[in-house]
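Just run-v1.csv here, CSV, C-alpha atoms and all ligand atoms:
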```csv
chain,number,residue,atom,x,y,z
A,211,MET,CA,-60.1,-24.3,194.8
A,212,ALA,CA,-56.6,-24.7,196.1
A,213,SER,CA,-56.1,-28.0,194.1
A,214,ALA,CA,-57.4,-26.3,191.0
A,215,GLU,CA,-54.8,-23.7,191.3
A,216,GLY,CA,-52.2,-26.4,191.9
A,217,GLU,CA,-53.3,-28.2,188.7
A,218,PHE,CA,-53.0,-24.9,186.8
A,219,LEU,CA,-49.5,-24.4,188.1
A,220,LYS,CA,-48.5,-27.9,187.1
A,221,LYS,CA,-50.0,-27.5,183.7
A,222,ASP,CA,-48.4,-24.1,183.4
A,223,LYS,CA,-45.0,-25.5,184.3
A,224,GLU,CA,-45.3,-28.1,181.5
A,225,ASN,CA,-46.7,-26.0,178.8
A,226,ILE,CA,-45.8,-22.4,179.2
A,227,LYS,CA,-42.1,-22.5,179.7
A,228,LEU,CA,-40.9,-19.1,178.6
A,229,LYS,CA,-37.4,-17.8,178.5
A,230,ALA,CA,-36.8,-14.6,180.4
A,231,LYS,CA,-35.2,-11.6,178.8
A,232,SER,CA,-31.6,-12.6,179.3
A,233,ALA,CA,-30.1,-16.1,178.8
A,234,ASP,CA,-28.8,-16.1,182.3
A,235,ASP,CA,-32.2,-15.6,183.8
A,236,PRO,CA,-34.0,-18.7,185.1
A,237,VAL,CA,-37.0,-20.1,183.2
A,238,THR,CA,-40.1,-18.3,184.0
A,239,LEU,CA,-43.7,-19.4,184.5
A,240,HIS,CA,-47.0,-17.7,184.9
A,241,CYS,CA,-48.7,-16.7,188.1
A,242,PRO,CA,-52.0,-18.6,188.5
A,243,LYS,CA,-53.7,-15.4,189.9
A,244,CYS,CA,-52.5,-12.5,187.8
A,245,GLY,CA,-50.8,-14.3,184.9
A,246,GLY,CA,-47.6,-12.4,185.4
A,247,PHE,CA,-44.2,-14.1,185.0
A,248,VAL,CA,-43.0,-15.9,188.0
A,249,PHE,CA,-39.5,-17.4,188.6
A,250,GLU,CA,-39.1,-21.1,188.9
A,251,ASN,CA,-39.3,-22.3,192.6
A,252,ALA,CA,-40.3,-18.8,193.6
A,253,ASP,CA,-42.5,-18.6,196.8
A,254,ILE,CA,-44.4,-15.5,195.7
A,255,CYS,CA,-45.4,-13.8,192.5
A,256,GLU,CA,-43.5,-10.5,192.2
A,257,SER,CA,-46.5,-8.9,190.4
A,258,CYS,CA,-49.3,-9.6,192.7
A,259,GLY,CA,-47.7,-11.2,195.8
A,260,GLU,CA,-49.6,-14.5,195.4
A,261,TRP,CA,-48.2,-17.4,197.4
A,262,LEU,CA,-47.1,-20.0,194.9
A,263,LEU,CA,-46.0,-22.9,197.0
A,264,GLU,CA,-49.2,-24.9,197.5
A,265,GLY,CA,-49.1,-27.2,200.5
A,266,LYS,CA,-46.2,-25.4,202.1
A,267,CYS,CA,-46.4,-23.3,205.3
A,268,LYS,CA,-46.2,-19.6,204.3
A,269,PHE,CA,-43.8,-18.9,207.1
A,270,CYS,CA,-41.4,-21.8,207.4
A,271,TYR,CA,-42.1,-23.9,204.2
A,272,ALA,CA,-43.0,-27.0,206.1
A,273,ASP,CA,-45.5,-29.4,204.4
A,274,VAL,CA,-49.0,-28.7,205.6
A,275,GLU,CA,-52.4,-30.3,204.9
A,276,GLU,CA,-55.2,-28.3,203.5
A,277,GLY,CA,-57.2,-26.6,206.2
A,278,GLN,CA,-54.5,-27.2,208.9
A,279,LYS,CA,-54.9,-24.4,211.5
A,280,PHE,CA,-51.4,-24.4,212.9
A,281,CYS,CA,-48.1,-25.4,211.4
A,282,SER,CA,-46.5,-28.1,213.4
A,283,GLU,CA,-43.1,-26.6,212.6
A,284,CYS,CA,-43.5,-22.9,213.4
A,285,GLY,CA,-46.9,-22.7,215.1
A,286,ASN,CA,-48.3,-20.1,212.7
A,287,ASN,CA,-51.5,-20.4,210.7
A,288,PRO,CA,-50.0,-21.8,207.4
A,289,GLU,CA,-52.4,-19.6,205.4
A,290,GLY,CA,-51.3,-16.3,206.9
A,291,VAL,CA,-51.7,-13.9,209.8
A,292,LEU,CA,-54.0,-11.0,210.5
A,293,CYS,CA,-52.3,-7.7,211.2
A,294,PRO,CA,-53.9,-6.2,214.3
A,295,SER,CA,-53.1,-2.7,213.1
A,296,CYS,CA,-54.3,-2.6,209.5
A,297,ASN,CA,-56.6,-5.7,209.7
A,298,GLU,CA,-55.1,-7.2,206.5
A,299,TRP,CA,-54.1,-10.8,206.0
A,300,GLY,CA,-50.5,-11.3,205.2
A,301,HIS,CA,-48.1,-14.1,204.6
A,302,PHE,CA,-44.9,-12.4,205.8
A,303,ASP,CA,-43.4,-12.2,209.3
A,304,PHE,CA,-43.8,-8.4,209.3
A,305,CYS,CA,-46.9,-6.7,208.1
A,306,LYS,CA,-46.2,-5.4,204.6
A,307,ASN,CA,-48.3,-2.2,205.2
A,308,CYS,CA,-47.5,-1.4,208.8
A,309,LYS,CA,-44.0,-3.0,209.1
A,310,ILE,CA,-44.9,-4.3,212.5
A,311,PRO,CA,-43.8,-7.8,213.6
A,312,LEU,CA,-46.7,-10.3,213.3
A,313,THR,CA,-45.0,-13.6,214.2
A,314,GLU,CA,-42.9,-14.9,217.1
A,315,LYS,CA,-40.0,-15.2,214.7
A,316,ALA,CA,-40.3,-11.5,213.7
A,317,LYS,CA,-40.5,-10.4,217.3
A,318,GLU,CA,-37.4,-12.5,218.2
A,319,MET,CA,-35.5,-11.1,215.3
A,320,LEU,CA,-36.4,-7.6,216.3
A,321,ASP,CA,-35.3,-8.3,219.9
A,322,ALA,CA,-32.0,-9.6,218.7
A,323,PHE,CA,-31.4,-6.5,216.7
A,324,GLN,CA,-32.4,-4.2,219.6
A,325,ASN,CA,-30.0,-6.0,222.0
A,326,SER,CA,-27.1,-6.1,219.5
A,327,VAL,CA,-23.9,-4.2,220.4
A,328,GLU,CA,-24.3,-2.0,217.3
A,329,ILE,CA,-27.8,-0.9,218.0
A,330,GLN,CA,-27.0,-0.3,221.7
A,331,GLU,CA,-24.1,1.8,220.7
A,332,LEU,CA,-26.2,3.9,218.3
A,333,SER,CA,-28.9,4.3,221.0
A,334,THR,CA,-26.3,5.7,223.4
A,335,MET,CA,-25.1,8.1,220.8
A,336,THR,CA,-28.6,9.3,220.2
A,337,GLN,CA,-29.2,9.8,223.9
A,338,GLU,CA,-25.9,11.8,224.1
A,339,GLU,CA,-27.0,13.9,221.2
A,340,GLU,CA,-30.4,14.6,222.9
A,341,SER,CA,-28.6,15.6,226.1
A,342,LEU,CA,-26.3,17.9,224.2
A,343,THR,CA,-29.2,19.5,222.4
A,344,GLU,CA,-31.1,20.0,225.6
A,345,LEU,CA,-28.1,21.5,227.4
A,346,ASN,CA,-27.0,23.7,224.6
A,347,PRO,CA,-27.5,27.2,226.1
A,348,TYR,CA,-27.2,28.8,222.7
A,349,GLU,CA,-30.5,27.2,221.6
A,350,ASN,CA,-32.2,29.8,223.7
A,351,GLU,CA,-33.2,32.9,221.7
A,352,ASP,CA,-32.9,35.2,224.7
A,353,ILE,CA,-29.3,34.4,225.3
A,354,ASP,CA,-27.0,37.2,223.9
A,355,GLU,CA,-23.3,37.5,223.4
A,356,ASN,CA,-22.7,38.3,227.1
A,357,THR,CA,-24.1,34.9,228.2
A,358,SER,CA,-21.6,32.4,229.3
A,359,ILE,CA,-22.3,28.7,229.4
A,360,GLU,CA,-21.6,28.7,233.2
A,361,ILE,CA,-24.3,26.8,235.0
A,362,ASN,CA,-26.9,29.4,236.1
A,363,GLU,CA,-30.1,29.2,238.0
A,364,GLU,CA,-32.0,28.1,234.9
A,365,THR,CA,-29.7,25.3,234.1
A,366,SER,CA,-28.8,24.3,237.6
A,367,GLU,CA,-31.2,21.4,237.7
A,368,LYS,CA,-29.4,20.1,234.7
A,369,LYS,CA,-26.0,20.4,236.4
A,370,GLU,CA,-25.8,16.8,237.3
A,371,SER,CA,-26.3,15.6,233.8
A,372,PHE,CA,-24.1,18.3,232.6
A,373,ASP,CA,-21.3,17.1,234.8
A,374,ASN,CA,-21.9,13.6,233.6
A,375,LEU,CA,-21.6,14.9,230.1
A,376,LYS,CA,-18.4,16.9,230.7
A,377,SER,CA,-16.1,13.9,230.5
A,378,TYR,CA,-17.8,12.8,227.3
A,379,LEU,CA,-17.4,16.3,225.8
A,380,GLU,CA,-13.8,16.4,226.6
A,381,LYS,CA,-13.3,12.9,225.1
A,382,PHE,CA,-15.1,14.0,222.1
A,383,GLU,CA,-13.1,17.2,221.6
A,384,ALA,CA,-9.9,15.3,221.9
A,385,GLN,CA,-11.1,12.7,219.5
A,386,ASN,CA,-12.2,15.4,217.1
A,387,ALA,CA,-8.9,17.1,217.1
A,388,SER,CA,-7.1,13.9,216.1
A,389,GLU,CA,-9.7,13.0,213.6
A,390,ASN,CA,-9.4,16.2,211.6
A,391,THR,CA,-6.2,14.9,210.1
A,392,SER,CA,-6.6,11.1,210.0
A,393,LYS,CA,-10.2,10.1,209.2
A,394,PRO,CA,-11.5,9.7,205.7
A,395,GLN,CA,-14.3,12.0,204.9
A,396,THR,CA,-18.0,10.9,204.6
A,397,PRO,CA,-19.4,11.5,201.1
A,398,ALA,CA,-20.7,15.0,200.9
A,399,SER,CA,-24.2,14.0,200.2
A,400,LEU,CA,-24.3,12.0,203.4
A,401,GLU,CA,-23.0,14.8,205.6
A,402,THR,CA,-25.3,16.3,208.1
A,403,PRO,CA,-25.0,20.0,207.8
A,404,THR,CA,-24.6,22.1,210.9
A,405,LYS,CA,-26.2,25.5,211.2
A,406,LYS,CA,-24.7,26.3,214.6
A,407,THR,CA,-22.2,29.0,214.9
A,408,VAL,CA,-19.3,28.9,217.3
A,409,LEU,CA,-19.8,31.4,220.1
A,410,GLU,CA,-16.6,32.8,221.6
A,411,PRO,CA,-16.5,33.0,225.4
A,412,ASN,CA,-17.1,36.5,226.8
A,413,PRO,CA,-13.8,37.6,228.4
A,414,SER,CA,-15.6,39.6,231.1
A,415,SER,CA,-17.6,36.6,232.2
A,416,GLN,CA,-16.7,35.0,235.5
A,417,SER,CA,-16.9,31.6,234.0
A,418,LYS,CA,-14.0,29.3,234.7
A,419,ARG,CA,-15.5,26.5,232.7
A,420,GLU,CA,-14.1,26.0,229.3
A,421,PRO,CA,-16.5,27.0,226.6
A,422,VAL,CA,-18.0,24.0,224.8
A,423,ASP,CA,-18.8,24.1,221.1
A,424,PHE,CA,-22.2,22.4,221.3
A,425,GLY,CA,-23.0,22.8,217.7
A,426,LYS,CA,-19.8,21.1,216.5
A,427,LEU,CA,-20.3,18.3,219.1
A,428,ILE,CA,-23.9,17.7,218.1
A,429,ALA,CA,-23.0,17.7,214.4
A,430,ASN,CA,-20.1,15.3,214.9
A,431,ASN,CA,-22.1,13.0,217.0
A,432,ARG,CA,-24.8,12.9,214.4
A,433,LYS,CA,-22.3,12.4,211.6
A,434,GLU,CA,-20.6,9.5,213.4
A,435,SER,CA,-24.0,7.9,214.2
A,436,LEU,CA,-25.1,8.2,210.6
A,437,SER,CA,-21.8,6.7,209.3
A,438,LYS,CA,-22.1,3.8,211.7
A,439,THR,CA,-25.7,3.2,210.6
A,440,LEU,CA,-24.8,3.3,206.9
A,441,LYS,CA,-21.9,0.9,207.5
A,442,LEU,CA,-24.3,-1.6,209.1
A,443,ILE,CA,-26.7,-1.4,206.1
A,444,GLU,CA,-23.8,-1.8,203.7
A,445,LYS,CA,-22.5,-4.9,205.6
A,446,SER,CA,-26.0,-6.5,205.4
A,447,LYS,CA,-25.6,-6.8,201.6
A,448,ILE,CA,-23.3,-9.8,201.8
A,449,LYS,CA,-25.5,-11.8,204.1
A,450,VAL,CA,-27.2,-14.8,202.4
A,451,PHE,CA,-30.1,-16.8,203.9
A,452,SER,CA,-31.4,-20.3,204.1
A,453,ASN,CA,-34.8,-19.2,202.6
A,454,ASN,CA,-36.7,-16.2,201.3
A,455,GLN,CA,-38.8,-15.6,204.4
A,456,GLU,CA,-35.7,-15.6,206.6
A,457,SER,CA,-34.2,-12.9,204.5
A,458,ARG,CA,-37.4,-10.8,204.4
A,459,SER,CA,-37.6,-10.9,208.2
A,460,PHE,CA,-34.0,-10.0,208.6
A,461,HIS,CA,-34.1,-7.0,206.4
A,462,GLU,CA,-37.4,-5.8,207.8
A,463,ALA,CA,-36.0,-6.1,211.3
A,464,LEU,CA,-32.8,-4.3,210.3
A,465,GLN,CA,-34.7,-1.4,208.7
A,466,SER,CA,-37.0,-1.1,211.6
A,467,SER,CA,-34.1,-1.1,214.1
A,468,LEU,CA,-32.1,1.4,212.2
A,469,ALA,CA,-35.0,3.7,211.4
A,470,PRO,CA,-34.4,6.0,214.4
A,471,PHE,CA,-30.8,6.7,213.3
A,472,ILE,CA,-31.5,7.7,209.7
A,473,LYS,CA,-34.6,9.8,210.2
A,474,ASN,CA,-33.3,12.4,207.7
A,475,LEU,CA,-32.8,9.9,204.9
A,476,THR,CA,-35.4,8.6,202.4
A,477,CYS,CA,-35.6,4.9,201.7
A,478,LEU,CA,-35.5,4.3,197.9
A,479,GLY,CA,-36.3,0.6,198.2
A,480,TRP,CA,-34.5,-2.7,198.5
A,481,LEU,CA,-32.0,-3.8,195.9
A,482,CYS,CA,-31.8,-7.6,195.5
A,483,ASN,CA,-28.6,-9.4,194.8
A,484,ALA,CA,-30.4,-12.1,192.7
A,485,TYR,CA,-31.7,-9.9,189.9
A,486,ASP,CA,-30.3,-6.5,190.7
A,487,ASN,CA,-33.8,-5.2,190.9
A,488,ILE,CA,-35.0,-2.4,193.2
A,489,HIS,CA,-38.1,-3.5,195.0
A,490,CYS,CA,-40.2,-1.5,197.5
A,491,ASP,CA,-39.2,-4.1,200.0
A,492,PRO,CA,-37.9,-7.7,200.1
A,493,GLU,CA,-41.6,-8.8,200.4
A,494,GLU,CA,-41.8,-7.9,196.7
A,495,CYS,CA,-38.8,-9.9,195.6
A,496,ALA,CA,-39.1,-13.5,194.6
A,497,LYS,CA,-35.5,-14.5,195.6
A,498,PRO,CA,-34.4,-12.4,198.6
A,499,GLU,CA,-32.5,-15.4,200.0
A,500,ASP,CA,-29.5,-14.4,197.9
A,501,GLY,CA,-29.5,-11.2,200.0
A,502,GLY,CA,-29.8,-7.6,199.2
A,503,VAL,CA,-29.6,-4.1,200.7
A,504,TRP,CA,-31.8,-1.2,201.6
A,505,LEU,CA,-31.1,1.9,199.6
A,506,TYR,CA,-31.3,5.4,201.1
A,507,GLU,CA,-30.6,8.9,199.8
B,601,ZN,ZN,-49.3,-12.8,190.4
B,602,ZN,ZN,-44.6,-23.2,209.4
B,603,ZN,ZN,-50.7,-4.0,209.0
```
Show me the file's structure as structure tokens.
Amino acid sequence: MASAEGEFLKKDKENIKLKAKSADDPVTLHCPKCGGFVFENADICESCGEWLLEGKCKFCYADVEEGQKFCSECGNNPEGVLCPSCNEWGHFDFCKNCKIPLTEKAKEMLDAFQNSVEIQELSTMTQEEESLTELNPYENEDIDENTSIEINEETSEKKESFDNLKSYLEKFEAQNASENTSKPQTPASLETPTKKTVLEPNPSSQSKREPVDFGKLIANNRKESLSKTLKLIEKSKIKVFSNNQESRSFHEALQSSLAPFIKNLTCLGWLCNAYDNIHCDPEECAKPEDGGVWLYE
């Protein structure tokens, strides 16, 4: 069966050479499975996802014999891998449905992202934001205008973490004061709106602690984290790869690693550099090795 398909592909290549829409586009062929156009030297069909490189490992492109159980280069089953979550066979390092890592390469790439300085920094910011949200006394509906943010019985158990946070808060306030004049503004559509109102300290309160504008701190933290995340995504666009699968793994790992920091955004797809097409993901692109970028709104 495999050789028949191979024959078809060869015949296809010789006889059905068709020009694509634009003169700049490479010559296209037909997919042996669905009959759709496929780009020359493409590893997959963009229409149906069929693997087109007969005799090549689906994960590392090494030459493999028919029926070979494990690739001598990468150790994977050259035919594909079964996703333990959705039970579907796939020939990508990440499951196309579940987006979970399926191969060693995918796991290593994910680990490298998780351990990177950038992701660590974003994780710290998220933890700080969570602590701020948790400590924010104005979150409590019962608190009225006479409530000060002085540590009381209810919050005393949080005192230690509050103290730890205090230096951070001060740093942030100082930074914020200087940023108001110097920093360029994030585009309006990307700004995280803040619903919190600033509560003035009650003059009759015994509190000696300076009031902290939690709402502003949380909003600023979130805005900075979002801006850093979007910059990382933007930066990924110029990266090119040694092969298509390398690129697909990288962009899946990137998206998966950044997901916790852009929860409020919707992914529109993956824009490829090669054809300027928006695909659902790089697994649907026939030439992701030229790079591309995830799009969000
Ligand atoms: Zn096809
Ligand atoms: Zn291989
Ligand atoms: Zn799956």
Contacts to ligand ZN 601 (chain B) at 7 Å cut-off (all atoms listed in the file) as a ChimeraX atom specification: /A:241-246,255-260
Nearby residues, ligand ZN 602 (chain B), 12 Å, only C-alpha atoms and all ligand atoms, as a PyMOL selection string: chain A and resi 265-275+278-291+301-303+313-315+455
Output the selection as a compact mmCIF listing (two decimals), in the coordinates of the input - C-alpha atoms for each residue.
```
# COMPACT_ATOMS: atom_id res chain seq x y z
CA GLY A 265 -49.10 -27.20 200.50
CA LYS A 266 -46.20 -25.40 202.10
CA CYS A 267 -46.40 -23.30 205.30
CA LYS A 268 -46.20 -19.60 204.30
CA PHE A 269 -43.80 -18.90 207.10
CA CYS A 270 -41.40 -21.80 207.40
CA TYR A 271 -42.10 -23.90 204.20
CA ALA A 272 -43.00 -27.00 206.10
CA ASP A 273 -45.50 -29.40 204.40
CA VAL A 274 -49.00 -28.70 205.60
CA GLU A 275 -52.40 -30.30 204.90
CA GLN A 278 -54.50 -27.20 208.90
CA LYS A 279 -54.90 -24.40 211.50
CA PHE A 280 -51.40 -24.40 212.90
CA CYS A 281 -48.10 -25.40 211.40
CA SER A 282 -46.50 -28.10 213.40
CA GLU A 283 -43.10 -26.60 212.60
CA CYS A 284 -43.50 -22.90 213.40
CA GLY A 285 -46.90 -22.70 215.10
CA ASN A 286 -48.30 -20.10 212.70
CA ASN A 287 -51.50 -20.40 210.70
CA PRO A 288 -50.00 -21.80 207.40
CA GLU A 289 -52.40 -19.60 205.40
CA GLY A 290 -51.30 -16.30 206.90
CA VAL A 291 -51.70 -13.90 209.80
CA HIS A 301 -48.10 -14.10 204.60
CA PHE A 302 -44.90 -12.40 205.80
CA ASP A 303 -43.40 -12.20 209.30
CA THR A 313 -45.00 -13.60 214.20
CA GLU A 314 -42.90 -14.90 217.10
CA LYS A 315 -40.00 -15.20 214.70
CA GLN A 455 -38.80 -15.60 204.40
```
Cut-off 9 Å, all atoms listed in the file, neighbours of ligand ZN 603 (chain B) as a count of residues only: 17
Long-range neighbours of Leu320 (chain A) as a count of residues only, 7 Å cut-off, all atoms listed in the file, 4 positions minimum in chain: 3
Sphere at (-30.0, 6.1, 198.1), radius 7 Å, counting only C-alpha atoms: residues as a ChimeraX atom specification: /A:477-478,505-507
Filtering to C-alpha atoms, could you give me those residues as a PDB file, in the frame of the given file?
```pdb
ATOM      1  CA  CYS A 477     -35.600   4.900 201.700  1.00  0.00           C
ATOM      2  CA  LEU A 478     -35.500   4.300 197.900  1.00  0.00           C
ATOM      3  CA  LEU A 505     -31.100   1.900 199.600  1.00  0.00           C
ATOM      4  CA  TYR A 506     -31.300   5.400 201.100  1.00  0.00           C
ATOM      5  CA  GLU A 507     -30.600   8.900 199.800  1.00  0.00           C
TER       6      GLU A 507
END
```
Gap from CA of Cys490 (chain A) to CA of Leu262 (chain A) - Å, one decimal: 19.9 Å
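Here CA of Ala484 (chain A) is placed at a distance of 13.1 Å from CA of Glu250 (chain A).
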